[in-house]
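Structure data follow from run-v6.tsv (TSV, C-alpha atoms):
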chain	number	residue	atom	x	y	z
B	754	MET	CA	54.32	-17.10	9.19
B	755	LYS	CA	53.13	-20.68	9.47
B	756	LEU	CA	53.44	-23.21	12.27
B	757	ILE	CA	53.40	-26.90	11.36
B	758	VAL	CA	53.16	-29.22	14.34
B	759	GLY	CA	53.54	-32.97	14.57
B	760	LEU	CA	51.98	-34.52	17.65
B	761	GLY	CA	53.66	-37.26	19.64
B	762	ASN	CA	55.06	-38.26	23.00
B	763	ILE	CA	58.60	-37.48	24.08
B	764	GLY	CA	61.21	-40.03	25.07
B	765	LYS	CA	62.73	-43.25	23.74
B	766	THR	CA	59.90	-45.30	25.25
B	767	TYR	CA	57.42	-43.80	22.77
B	768	GLU	CA	59.54	-43.82	19.61
B	769	HIS	CA	57.93	-45.79	16.78
B	770	THR	CA	54.55	-45.95	18.54
B	771	ARG	CA	51.23	-45.24	16.84
B	772	HIS	CA	50.77	-42.01	18.81
B	773	ASN	CA	54.02	-40.64	17.35
B	774	VAL	CA	53.17	-40.62	13.64
B	775	GLY	CA	52.93	-36.82	13.84
B	776	PHE	CA	56.58	-36.67	14.95
B	777	MET	CA	57.48	-39.02	12.10
B	778	ALA	CA	55.75	-36.75	9.58
B	779	ILE	CA	57.51	-33.59	10.83
B	780	ASP	CA	60.86	-35.39	10.81
B	781	GLU	CA	60.29	-36.42	7.18
B	782	ILE	CA	59.46	-32.85	6.15
B	783	ALA	CA	62.60	-31.62	7.93
B	784	ARG	CA	64.70	-34.32	6.24
B	785	HIS	CA	63.35	-33.24	2.87
B	786	LEU	CA	64.24	-29.60	3.65
B	787	ASN	CA	67.70	-30.73	4.84
B	788	VAL	CA	67.23	-29.17	8.29
B	789	SER	CA	67.39	-30.54	11.82
B	790	ILE	CA	64.70	-29.95	14.40
B	791	ASN	CA	67.10	-29.27	17.23
B	792	ASN	CA	66.24	-25.86	18.68
B	793	LYS	CA	64.36	-25.90	21.96
B	794	LYS	CA	62.22	-23.26	23.59
B	795	MET	CA	58.79	-22.92	25.14
B	796	ASP	CA	58.53	-26.70	25.61
B	797	GLY	CA	58.93	-27.33	21.90
B	798	LEU	CA	61.64	-28.74	19.67
B	799	TYR	CA	61.63	-26.70	16.47
B	800	VAL	CA	63.37	-25.36	13.42
B	801	ASP	CA	62.40	-22.36	11.36
B	802	VAL	CA	62.98	-22.08	7.64
B	803	MET	CA	62.31	-19.41	5.06
B	804	ILE	CA	60.35	-20.53	2.03
B	805	LYS	CA	59.53	-17.99	-0.66
B	806	GLY	CA	59.99	-15.19	1.85
B	807	GLU	CA	57.72	-16.73	4.50
B	808	LYS	CA	58.95	-18.02	7.85
B	809	ILE	CA	57.82	-21.59	8.54
B	810	ILE	CA	58.24	-23.22	11.95
B	811	LEU	CA	58.28	-27.01	12.15
B	812	MET	CA	57.66	-28.03	15.75
B	813	LYS	CA	57.33	-31.10	17.95
B	814	PRO	CA	55.85	-30.36	21.41
B	815	GLN	CA	58.10	-31.66	24.17
B	816	LEU	CA	55.41	-32.27	26.76
B	817	PHE	CA	53.26	-35.36	26.68
B	818	ILE	CA	50.72	-35.49	23.86
B	819	ASN	CA	47.80	-34.58	26.11
B	820	LEU	CA	49.49	-31.19	26.73
B	821	SER	CA	50.24	-30.42	23.06
B	822	GLY	CA	47.83	-27.50	22.99
B	823	ASP	CA	49.67	-25.80	25.86
B	824	VAL	CA	52.88	-25.79	23.81
B	825	ILE	CA	51.19	-24.77	20.55
B	826	LYS	CA	49.48	-21.86	22.33
B	827	LYS	CA	52.86	-20.59	23.56
B	828	TYR	CA	54.20	-20.52	19.97
B	829	VAL	CA	51.04	-18.96	18.54
B	830	ASP	CA	51.06	-16.23	21.19
B	831	PHE	CA	54.81	-15.56	21.09
B	832	TYR	CA	55.04	-15.37	17.30
B	833	LYS	CA	51.56	-13.87	16.87
B	834	ILE	CA	50.56	-16.60	14.44
B	835	ASN	CA	47.00	-16.67	13.18
B	836	LEU	CA	45.33	-20.00	14.01
B	837	ASP	CA	44.48	-20.27	10.32
B	838	ASP	CA	48.25	-20.57	9.68
B	839	VAL	CA	48.66	-23.55	12.01
B	840	LEU	CA	48.67	-27.11	10.66
B	841	ILE	CA	48.51	-30.10	13.03
B	842	ILE	CA	49.65	-33.58	11.96
B	843	HIS	CA	48.42	-36.42	14.17
B	844	ASP	CA	47.40	-40.06	14.44
B	845	ASP	CA	43.76	-41.07	14.00
B	846	LEU	CA	42.17	-44.27	15.32
B	847	ASP	CA	39.11	-43.94	13.09
B	848	LEU	CA	41.09	-44.07	9.86
B	849	GLU	CA	42.38	-47.31	8.44
B	850	CYS	CA	46.12	-47.79	8.82
B	851	GLY	CA	47.89	-46.26	5.85
B	852	LYS	CA	45.10	-43.80	5.03
B	853	MET	CA	45.10	-40.08	5.66
B	854	LYS	CA	42.62	-37.26	5.64
B	855	LEU	CA	43.00	-33.49	5.65
B	856	LYS	CA	40.38	-31.58	7.62
B	857	TYR	CA	39.69	-27.97	8.48
B	858	LYS	CA	37.47	-28.58	11.49
B	859	GLY	CA	35.86	-31.33	13.50
B	860	SER	CA	35.78	-33.06	16.83
B	861	SER	CA	38.81	-34.38	18.64
B	862	GLY	CA	37.54	-37.93	18.14
B	863	GLY	CA	38.72	-38.66	21.68
B	864	HIS	CA	42.35	-37.73	20.86
B	865	ASN	CA	43.71	-36.13	24.04
B	866	GLY	CA	46.21	-33.99	22.16
B	867	LEU	CA	43.44	-32.50	20.04
B	868	LYS	CA	41.23	-32.04	23.11
B	869	ASN	CA	44.01	-29.97	24.67
B	870	ILE	CA	44.42	-27.89	21.50
B	871	GLU	CA	40.68	-27.20	21.46
B	872	ALA	CA	40.71	-26.30	25.17
B	873	ASN	CA	43.55	-23.81	24.59
B	874	PHE	CA	42.05	-22.17	21.50
B	875	HIS	CA	38.34	-22.57	22.35
B	876	THR	CA	37.59	-23.90	18.88
B	877	ASN	CA	37.69	-27.06	16.82
B	878	VAL	CA	38.35	-25.07	13.64
B	879	TYR	CA	41.99	-25.57	12.68
B	880	LYS	CA	43.81	-27.37	9.88
B	881	ARG	CA	44.94	-30.92	10.39
B	882	ILE	CA	46.32	-33.94	8.64
B	883	LYS	CA	45.03	-37.14	10.17
B	884	ILE	CA	47.17	-40.26	9.65
B	885	GLY	CA	45.28	-43.51	10.09
B	886	ILE	CA	46.51	-46.03	12.63
B	887	SER	CA	43.31	-48.16	12.66
B	888	ASN	CA	41.81	-49.31	15.93
B	889	ASN	CA	41.80	-52.60	17.74
B	890	LYS	CA	38.68	-52.78	19.92
B	891	ASN	CA	40.18	-55.80	21.72
B	892	VAL	CA	42.99	-53.67	23.18
B	893	ASP	CA	42.63	-50.75	25.58
B	894	THR	CA	42.97	-47.57	23.50
B	895	LYS	CA	45.79	-46.15	25.65
B	896	ASN	CA	47.81	-49.36	25.32
B	897	TYR	CA	47.07	-49.56	21.60
B	898	VAL	CA	48.32	-46.06	20.72
B	899	LEU	CA	51.39	-46.41	22.94
B	900	THR	CA	52.63	-49.72	21.53
B	901	LYS	CA	55.28	-50.06	18.86
B	902	ILE	CA	53.95	-50.19	15.33
B	903	PRO	CA	54.18	-53.70	13.84
B	904	LYS	CA	56.26	-53.95	10.65
B	905	ILE	CA	53.27	-54.57	8.34
B	906	GLU	CA	51.51	-51.46	9.68
B	907	GLN	CA	54.70	-49.38	9.62
B	908	GLU	CA	55.08	-50.14	5.91
B	909	LYS	CA	51.58	-48.73	5.29
B	910	ILE	CA	52.21	-45.69	7.47
B	911	ASP	CA	55.57	-45.07	5.75
B	912	ILE	CA	53.73	-44.62	2.44
B	913	ILE	CA	51.85	-41.69	4.01
B	914	ILE	CA	54.94	-40.34	5.81
B	915	ASN	CA	56.86	-40.37	2.53
B	916	LYS	CA	54.14	-38.18	0.98
B	917	MET	CA	54.53	-35.50	3.65
B	918	PRO	CA	57.21	-33.43	1.86
B	919	GLN	CA	55.00	-33.18	-1.26
B	920	ILE	CA	51.94	-32.34	0.84
B	921	PHE	CA	54.01	-29.69	2.63
B	922	GLU	CA	55.13	-28.17	-0.68
B	923	ASP	CA	51.53	-28.13	-1.92
B	924	TYR	CA	50.38	-26.64	1.40
B	925	MET	CA	52.69	-23.71	0.70
B	926	LEU	CA	51.15	-23.17	-2.75
B	927	LEU	CA	47.49	-24.17	-2.61
B	928	SER	CA	44.48	-23.06	-0.62
B	929	PHE	CA	43.56	-25.59	2.05
B	930	ASN	CA	40.35	-26.45	0.16
B	931	ASN	CA	42.39	-27.27	-2.95
B	932	LEU	CA	44.85	-29.23	-0.82
B	933	MET	CA	41.98	-31.29	0.65
B	934	ASN	CA	40.57	-31.86	-2.83
B	935	LYS	CA	43.95	-33.09	-4.06
B	936	TYR	CA	44.75	-35.46	-1.19
B	937	ASN	CA	41.40	-36.58	0.25
B	938	ILE	CA	40.90	-39.43	-2.19
B	939	LYS	CA	37.71	-41.40	-1.69

Please rewrite the model in this file as structure tokens.
Amino acid sequence: MKLIVGLGNIGKTYEHTRHNVGFMAIDEIARHLNVSINNKKMDGLYVDVMIKGEKIILMKPQLFINLSGDVIKKYVDFYKINLDDVLIIHDDLDLECGKMKLKYKGSSGGHNGLKNIEANFHTNVYKRIKIGISNNKNVDTKNYVLTKIPKIEQEKIDIIINKMPQIFEDYMLLSFNNLMNKYNIK
């Protein structure tokens, strides 16, 4: 069983903001699979699908992003999912807008959602796809990540979001090292 989580903030206010690119990615994977993420339990909105005999849960935590780890922990514990079978998709300030990077471990980089995941699991070793949103040092970080994405940036982010179904399919077939080698283009 695998758990694939897109990070974001709940509510209309936060739709189409930089902090919600994880939600956008999960929605695109679900669209590709022709499923709706409309089941709710344990503070998560989810859908489960069977792919080649393996149950896959696509989930969007329904607490604010800084409590994402609390929700993920509930799913991991309830379904007895190995942390190695969890993939987190999230925004990253340190990556240029329109870039992405797959990582197996590393610091939270100040991302409060990742900090909460690391606090819940007592480790920074877990799989993630980081989607670049750039950083504007002239704007307070909180305000920056919670503002709507300008059209020119959204077009760059959409290129990455549109790759998510293919990355998901490859994730189901390849080792994570091979997946990183395929998609982490220098």

May I ask which of the residues B:Gly761, B:Gly851, B:Pro814, B:Gly797 is the closest one to Gly885 in chain B, counting all atoms listed in the file?
->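 Among B:Gly761, B:Gly851, B:Pro814, B:Gly797, it is B:Gly851 that comes nearest to Gly885 in chain B.
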
Which residue of B:Asn891, B:Thr766, B:Asn937, B:Gln907 approaches Lys854 in chain B most closely, using only C-alpha atoms =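 Looking only at the distances to Lys854 in chain B, the closest residue turns out to be B:Asn937.
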
Got a sec: who's within 8 Å of range 768-770 of chain B, counting all atoms listed in the file, leaving out chain neighbours fewer than 5 positions off, as a PyMOL selection string?
-> chain B and resi 762-763+898-902

In Å, with one decimal, what is the gap from CA of Val802 in chain B to CA of Tyr767 in chain B?
->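 Computing the Euclidean distance for CA of Val802 in chain B and CA of Tyr767 in chain B yields 27.0 Å.
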
For each of B:Ile870, B:Val800, B:Met933, B:Ile757, take the minimum atom-to-atom distance to Val824 in chain B, counting all atoms listed in the file, then give the residue where this is smallest.
->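 Of B:Ile870, B:Val800, B:Met933, B:Ile757, the one nearest Val824 in chain B is B:Ile870, counting all atoms listed in the file.
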
Could you give me the axis-aligned bounding box of range 906-919 of chain B, with 4 Å of padding per side, as centre plus edge lengths in Å to one decimal, as JSON?
{"center_x": 54.4, "center_y": -42.3, "center_z": 4.2, "size_x": 13.7, "size_y": 26.3, "size_z": 18.9}

Non-local contacts of Asp780 in chain B (8 Å; all atoms listed in the file; under 4 positions in same chain excluded) as an MDAnalysis selection string = chainID B and resid 776 784 790

Those same residues, written as a PDB file, keeping the file's coordinate frame with C-alpha atoms?
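Saved the output as out00.pdb:
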ATOM      1  CA  PHE B 776      56.580 -36.670  14.950  1.00  0.00           C
ATOM      2  CA  ARG B 784      64.700 -34.320   6.240  1.00  0.00           C
ATOM      3  CA  ILE B 790      64.700 -29.950  14.400  1.00  0.00           C
TER       4      ILE B 790
END

Residues at most 9 Å from range 862-866 of chain B, counting all atoms listed in the file, excluding those fewer than 5 positions away in the same chain, as a list in words?
-> Leu760, Gly761, Phe817, Ile818, Asn819, Leu820, Ser821, Gly822, His843, Asp844, Asp845, Leu846, Asp847 and Glu871 of chain B

Selection: 12 Å around His785 in chain B, all atoms listed in the file, excl. self and same-chain fewer than 4 positions, as a PyMOL selection string = chain B and resi 778-781+789+914-922

Would you please work out which residue, of B:Lys808, B:Lys765, B:Lys935, B:Lys755, is nearest to Lys880 in chain B when using all atoms listed in the file?
->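 So, comparing all the options, the nearest one is B:Lys755.
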
Can you work out the spacing between CA of Lys890 in chain B and CA of Lys852 in chain B in Å, to one decimal?
->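 Interatomic distance, CA of Lys890 in chain B to CA of Lys852 in chain B: 18.5 Å.
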
Interatomic distance (Å, one decimal) between CA of Glu849 in chain B and CA of Ile884 in chain B = 8.6 Å

For Asn877 in chain B, the nearest of the candidates B:Leu786, B:Met853, B:Ile841, B:Leu927, counting only C-alpha atoms |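 Selected residue with least distance to Asn877 in chain B: B:Ile841.
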
Go through B:Cys850, B:Leu798, B:Leu836, B:Val758 and flag the residue nearest His875 in chain B, using all atoms listed in the file for the distances.
-> B:Leu836

Shell around Tyr879 in chain B at 9 Å using all atoms listed in the file, local window under 4 positions removed, as a list in words |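 Returned residues: Leu836, Asp837, Asp838, Val839, Leu840, Ile841, Lys856, Tyr857, Lys858 and Gly859 of chain B.
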